[in-house]
Amino acid sequence: MAKKNAARRKDKGAGGAPNNGFANKSYEGERFSATFEYNELCLVRAAELMAPRLKNVLLAANFVALLAIIFVAIVAEGFVALIVVLFIISVGLYYAVHNWSKLQLRYARSTNLLPRPGVTRYRVVVCNDAVHAEDDQGGEESFDLASLAHVNANSESILACFGEKRYVYIPRSALSETRFRELTHFLDEKAS
């Protein structure tokens with residue numbers, strides 16, 4: 001008869017929780033917790049959620065500028081300077097719409113979303129009154145939910161904006177489907 005081996009346990013840090021580089025602290029009023037790998041792909045996905053409706057506004061403004069050029073050219077002859085100004089505005093808007101994802105990513109790199117060197121994992125804890133973001137190198141940021149400006153979410157992730165280039169990104173893969181929807185609803189309520 002073969003002898004059964006005892007189950008092996010993974011290395012655990014202080015407090016009995018797996019040692020994953022995070023301080024094993026708990027927060028008062030903790031409602032949601034998500035731990036995930038954070039890399040360049042996460043930064044790109046977070047950038048996609050920044051000002052999602054602004055691209056459509058710029059596209060509409062570009063269309064209006066083109067119509068204004070046509071109107072001025074037909075109705076008000078002799079306003080060459082106005083036509084040139086409208087053309088420059090139209091070209092600028094076209095550039096912004098055509099390169100929207102690059103512009104969003106460039107802006108995201110200037111915020112706290114830029115991955116720090118050596119950091120691979122993040123933990124986000126959402127409490128009743130604040131959101132705490134930790135990285136596996138010991139860095140920590142806290143955001144008061146009273147300063148939550150808006151929340152943008154899609155089926156893959158959530159981006160919470162706290163103003164002044166301060167954001168918190170949470171991917172869908174870090175939570176179950178139900179918890180992801182509950183978190184989205186909770187943050188939407190706090191933002192309104």
# chains A, B, ... in the order shown; residues from 1 in each chain; ligands from 1
$ residues_around --residues "A:Pro171" --least-positions-apart "4" --cutoff "7 Å" --atoms "only C-alpha atoms" --output "ChimeraX atom specification"
/A:156-158
$ write_last_selection --atoms "all heavy atoms" --output "PDB file, in the first residue's frame"
ATOM      1  N   GLU A 156     -14.253  45.409 -19.324  1.00  0.00           N
ATOM      2  CA  GLU A 156     -12.925  44.907 -18.977  1.00  0.00           C
ATOM      3  C   GLU A 156     -12.295  45.557 -17.752  1.00  0.00           C
ATOM      4  O   GLU A 156     -11.439  44.954 -17.118  1.00  0.00           O
ATOM      5  CB  GLU A 156     -11.976  45.095 -20.165  1.00  0.00           C
ATOM      6  CG  GLU A 156     -12.340  44.273 -21.374  1.00  0.00           C
ATOM      7  CD  GLU A 156     -12.265  42.786 -21.104  1.00  0.00           C
ATOM      8  OE1 GLU A 156     -11.314  42.351 -20.433  1.00  0.00           O
ATOM      9  OE2 GLU A 156     -13.162  42.066 -21.550  1.00  0.00           O
ATOM     10  N   SER A 157     -12.694  46.786 -17.422  1.00  0.00           N
ATOM     11  CA  SER A 157     -12.004  47.476 -16.340  1.00  0.00           C
ATOM     12  C   SER A 157     -12.777  48.697 -15.853  1.00  0.00           C
ATOM     13  O   SER A 157     -13.737  49.134 -16.476  1.00  0.00           O
ATOM     14  CB  SER A 157     -10.604  47.892 -16.785  1.00  0.00           C
ATOM     15  OG  SER A 157     -10.660  48.582 -17.990  1.00  0.00           O
ATOM     16  N   ILE A 158     -12.287  49.226 -14.727  1.00  0.00           N
ATOM     17  CA  ILE A 158     -12.846  50.429 -14.107  1.00  0.00           C
ATOM     18  C   ILE A 158     -11.714  51.434 -13.943  1.00  0.00           C
ATOM     19  O   ILE A 158     -10.601  51.072 -13.552  1.00  0.00           O
ATOM     20  CB  ILE A 158     -13.426  50.126 -12.709  1.00  0.00           C
ATOM     21  CG1 ILE A 158     -14.536  49.095 -12.783  1.00  0.00           C
ATOM     22  CG2 ILE A 158     -13.907  51.394 -12.029  1.00  0.00           C
ATOM     23  CD1 ILE A 158     -14.976  48.586 -11.421  1.00  0.00           C
TER      24      ILE A 158
END
$ select_by_dssp --residues "chain A" --states "helix (DSSP H, G or I)" --output "PyMOL selection string"
chain A and resi 14-16+40-48+54-75+80-98+100-109+145-147+172-174+177-191
$ closest_atom_pairs --of "stretch 23-129 of chain A" --to "stretch 139-148 of chain A" --cutoff "10 Å" --atoms "only C-alpha atoms" --output "Markdown table"
| residue | atom | partner | partner_atom | distance |
| --- | --- | --- | --- | --- |
| A:Asn112 | CA | A:Glu141 | CA | 9.6 |
| A:Arg116 | CA | A:Gly139 | CA | 9.7 |
| A:Val119 | CA | A:Gly139 | CA | 9.3 |
| A:Tyr122 | CA | A:Gly139 | CA | 9.5 |
| A:Arg123 | CA | A:Glu140 | CA | 9.4 |
| A:Val124 | CA | A:Glu141 | CA | 9.6 |
| A:Val125 | CA | A:Ser142 | CA | 9.4 |
| A:Val126 | CA | A:Leu145 | CA | 9.1 |
| A:Cys127 | CA | A:Leu145 | CA | 8.7 |
| A:Asn128 | CA | A:Leu145 | CA | 8.0 |
| A:Asp129 | CA | A:Leu145 | CA | 5.4 |
$ write_last_selection --atoms "N, CA and C atoms" --output "PDB file, in the first residue's frame"
ATOM      1  N   ASN A 112      -0.526  59.311 -12.246  1.00  0.00           N
ATOM      2  CA  ASN A 112      -0.056  58.284 -11.318  1.00  0.00           C
ATOM      3  C   ASN A 112      -0.274  56.862 -11.856  1.00  0.00           C
ATOM      4  N   ARG A 116       5.536  52.029 -12.071  1.00  0.00           N
ATOM      5  CA  ARG A 116       6.829  52.353 -11.483  1.00  0.00           C
ATOM      6  C   ARG A 116       7.825  51.241 -11.783  1.00  0.00           C
ATOM      7  N   VAL A 119       7.923  47.483 -10.084  1.00  0.00           N
ATOM      8  CA  VAL A 119       6.612  47.140  -9.526  1.00  0.00           C
ATOM      9  C   VAL A 119       5.856  46.293 -10.540  1.00  0.00           C
ATOM     10  N   TYR A 122      -0.188  45.116  -8.009  1.00  0.00           N
ATOM     11  CA  TYR A 122      -0.888  46.164  -7.270  1.00  0.00           C
ATOM     12  C   TYR A 122      -2.036  45.546  -6.492  1.00  0.00           C
ATOM     13  N   ARG A 123      -2.376  46.196  -5.416  1.00  0.00           N
ATOM     14  CA  ARG A 123      -3.544  45.810  -4.625  1.00  0.00           C
ATOM     15  C   ARG A 123      -4.363  47.066  -4.406  1.00  0.00           C
ATOM     16  N   VAL A 124      -5.637  46.992  -4.758  1.00  0.00           N
ATOM     17  CA  VAL A 124      -6.544  48.115  -4.553  1.00  0.00           C
ATOM     18  C   VAL A 124      -7.595  47.680  -3.550  1.00  0.00           C
ATOM     19  N   VAL A 125      -7.762  48.467  -2.500  1.00  0.00           N
ATOM     20  CA  VAL A 125      -8.755  48.184  -1.465  1.00  0.00           C
ATOM     21  C   VAL A 125      -9.741  49.345  -1.441  1.00  0.00           C
ATOM     22  N   VAL A 126     -11.014  49.024  -1.666  1.00  0.00           N
ATOM     23  CA  VAL A 126     -12.065  50.041  -1.653  1.00  0.00           C
ATOM     24  C   VAL A 126     -12.803  49.930  -0.336  1.00  0.00           C
ATOM     25  N   CYS A 127     -12.818  51.025   0.407  1.00  0.00           N
ATOM     26  CA  CYS A 127     -13.506  51.073   1.701  1.00  0.00           C
ATOM     27  C   CYS A 127     -14.727  51.979   1.583  1.00  0.00           C
ATOM     28  N   ASN A 128     -15.449  52.125   2.686  1.00  0.00           N
ATOM     29  CA  ASN A 128     -16.643  52.970   2.688  1.00  0.00           C
ATOM     30  C   ASN A 128     -16.339  54.432   2.408  1.00  0.00           C
ATOM     31  N   ASP A 129     -15.130  54.895   2.806  1.00  0.00           N
ATOM     32  CA  ASP A 129     -14.819  56.314   2.679  1.00  0.00           C
ATOM     33  C   ASP A 129     -13.558  56.614   1.883  1.00  0.00           C
TER      34      ASP A 129
END
$ atom_distance --atom1 "atom CA of A:Asn99" --atom2 "atom CA of A:Tyr169"
22.7 Å
$ closest_residue --among "A:Leu113, A:Ala153, A:Ala73, A:Val57" --to "A:Cys42" --atoms "only C-alpha atoms"
A:Leu113
$ residues_around --residues "A:Val85" --least-positions-apart "5" --cutoff "10 Å" --atoms "only C-alpha atoms" --output "PyMOL selection string"
chain A and resi 65+69+80+90-91
$ closest_residue --among "A:Ser101, A:Arg166, A:Arg109, A:Phe186" --to "A:Leu49" --atoms "only C-alpha atoms"
A:Ser101
$ closest_residue --among "A:Ser110, A:Asn152, A:Thr120, A:Asn62" --to "A:Lys165" --atoms "only C-alpha atoms"
A:Ser110
$ atom_distance --atom1 "atom CA of A:Val168" --atom2 "atom CA of A:His98"
26.8 Å
$ closest_residue --among "A:Asn39, A:Thr111, A:Asn56, A:Ser26" --to "A:Cys161" --atoms "only C-alpha atoms"
A:Thr111
$ residues_around --residues "A:His150" --least-positions-apart "4" --cutoff "8 Å" --atoms "only C-alpha atoms" --output "count of residues only"
6
$ decode --residues "stretch 112-153 of chain A" --atoms "N, CA and C atoms" --output "tab-separated table (two decimals), in the first residue's frame"
chain	number	residue	atom	x	y	z
A	112	ASN	N	-0.53	59.31	-12.25
A	112	ASN	CA	-0.06	58.28	-11.32
A	112	ASN	C	-0.27	56.86	-11.86
A	113	LEU	N	-0.84	56.72	-13.05
A	113	LEU	CA	-1.05	55.41	-13.64
A	113	LEU	C	0.22	54.82	-14.25
A	114	LEU	N	1.23	55.62	-14.48
A	114	LEU	CA	2.47	55.14	-15.07
A	114	LEU	C	3.08	54.08	-14.16
A	115	PRO	N	3.33	52.86	-14.68
A	115	PRO	CA	3.93	51.82	-13.85
A	115	PRO	C	5.30	52.24	-13.34
A	116	ARG	N	5.54	52.03	-12.07
A	116	ARG	CA	6.83	52.35	-11.48
A	116	ARG	C	7.82	51.24	-11.78
A	117	PRO	N	9.09	51.57	-11.97
A	117	PRO	CA	10.10	50.53	-12.24
A	117	PRO	C	10.18	49.52	-11.09
A	118	GLY	N	10.20	48.26	-11.43
A	118	GLY	CA	10.31	47.20	-10.43
A	118	GLY	C	8.99	46.76	-9.83
A	119	VAL	N	7.92	47.48	-10.08
A	119	VAL	CA	6.61	47.14	-9.53
A	119	VAL	C	5.86	46.29	-10.54
A	120	THR	N	5.37	45.15	-10.10
A	120	THR	CA	4.62	44.28	-11.00
A	120	THR	C	3.20	44.01	-10.52
A	121	ARG	N	2.99	44.06	-9.22
A	121	ARG	CA	1.67	43.76	-8.68
A	121	ARG	C	1.12	44.93	-7.89
A	122	TYR	N	-0.19	45.12	-8.01
A	122	TYR	CA	-0.89	46.16	-7.27
A	122	TYR	C	-2.04	45.55	-6.49
A	123	ARG	N	-2.38	46.20	-5.42
A	123	ARG	CA	-3.54	45.81	-4.62
A	123	ARG	C	-4.36	47.07	-4.41
A	124	VAL	N	-5.64	46.99	-4.76
A	124	VAL	CA	-6.54	48.11	-4.55
A	124	VAL	C	-7.59	47.68	-3.55
A	125	VAL	N	-7.76	48.47	-2.50
A	125	VAL	CA	-8.76	48.18	-1.47
A	125	VAL	C	-9.74	49.35	-1.44
A	126	VAL	N	-11.01	49.02	-1.67
A	126	VAL	CA	-12.06	50.04	-1.65
A	126	VAL	C	-12.80	49.93	-0.34
A	127	CYS	N	-12.82	51.02	0.41
A	127	CYS	CA	-13.51	51.07	1.70
A	127	CYS	C	-14.73	51.98	1.58
A	128	ASN	N	-15.45	52.13	2.69
A	128	ASN	CA	-16.64	52.97	2.69
A	128	ASN	C	-16.34	54.43	2.41
A	129	ASP	N	-15.13	54.89	2.81
A	129	ASP	CA	-14.82	56.31	2.68
A	129	ASP	C	-13.56	56.61	1.88
A	130	ALA	N	-12.82	55.58	1.45
A	130	ALA	CA	-11.56	55.82	0.74
A	130	ALA	C	-11.19	54.63	-0.14
A	131	VAL	N	-10.28	54.89	-1.05
A	131	VAL	CA	-9.69	53.85	-1.89
A	131	VAL	C	-8.20	53.87	-1.62
A	132	HIS	N	-7.63	52.69	-1.35
A	132	HIS	CA	-6.20	52.57	-1.07
A	132	HIS	C	-5.57	51.73	-2.17
A	133	ALA	N	-4.46	52.22	-2.72
A	133	ALA	CA	-3.73	51.50	-3.76
A	133	ALA	C	-2.32	51.25	-3.25
A	134	GLU	N	-1.92	49.98	-3.24
A	134	GLU	CA	-0.58	49.59	-2.78
A	134	GLU	C	0.13	48.87	-3.91
A	135	ASP	N	1.47	48.97	-3.91
A	135	ASP	CA	2.22	48.15	-4.85
A	135	ASP	C	3.11	47.19	-4.08
A	136	ASP	N	3.69	46.22	-4.78
A	136	ASP	CA	4.46	45.18	-4.12
A	136	ASP	C	5.84	45.64	-3.64
A	137	GLN	N	6.18	46.91	-3.86
A	137	GLN	CA	7.43	47.47	-3.36
A	137	GLN	C	7.22	48.33	-2.12
A	138	GLY	N	5.99	48.37	-1.62
A	138	GLY	CA	5.70	49.12	-0.40
A	138	GLY	C	5.10	50.50	-0.63
A	139	GLY	N	4.95	50.92	-1.86
A	139	GLY	CA	4.33	52.23	-2.13
A	139	GLY	C	2.84	52.17	-1.87
A	140	GLU	N	2.29	53.27	-1.39
A	140	GLU	CA	0.86	53.31	-1.07
A	140	GLU	C	0.31	54.70	-1.32
A	141	GLU	N	-0.90	54.74	-1.90
A	141	GLU	CA	-1.63	55.98	-2.09
A	141	GLU	C	-3.04	55.78	-1.56
A	142	SER	N	-3.60	56.82	-0.98
A	142	SER	CA	-4.98	56.77	-0.50
A	142	SER	C	-5.75	57.92	-1.13
A	143	PHE	N	-6.99	57.62	-1.52
A	143	PHE	CA	-7.85	58.59	-2.17
A	143	PHE	C	-9.18	58.64	-1.43
A	144	ASP	N	-9.57	59.83	-1.01
A	144	ASP	CA	-10.84	60.01	-0.31
A	144	ASP	C	-11.98	59.90	-1.31
A	145	LEU	N	-12.99	59.09	-1.02
A	145	LEU	CA	-14.12	58.93	-1.94
A	145	LEU	C	-14.92	60.22	-2.11
A	146	ALA	N	-14.79	61.15	-1.17
A	146	ALA	CA	-15.47	62.44	-1.32
A	146	ALA	C	-14.89	63.24	-2.48
A	147	SER	N	-13.64	62.96	-2.86
A	147	SER	CA	-13.02	63.67	-3.98
A	147	SER	C	-13.14	62.90	-5.30
A	148	LEU	N	-13.92	61.82	-5.33
A	148	LEU	CA	-14.12	61.04	-6.55
A	148	LEU	C	-14.88	61.88	-7.56
A	149	ALA	N	-14.24	62.21	-8.67
A	149	ALA	CA	-14.85	63.08	-9.68
A	149	ALA	C	-15.79	62.30	-10.59
A	150	HIS	N	-15.30	61.22	-11.17
A	150	HIS	CA	-16.13	60.40	-12.04
A	150	HIS	C	-15.52	59.01	-12.19
A	151	VAL	N	-16.33	58.10	-12.68
A	151	VAL	CA	-15.91	56.71	-12.90
A	151	VAL	C	-16.25	56.34	-14.33
A	152	ASN	N	-15.28	55.80	-15.03
A	152	ASN	CA	-15.49	55.27	-16.37
A	152	ASN	C	-15.25	53.77	-16.31
A	153	ALA	N	-16.18	53.01	-16.84
A	153	ALA	CA	-16.05	51.56	-16.80
A	153	ALA	C	-16.52	50.96	-18.11
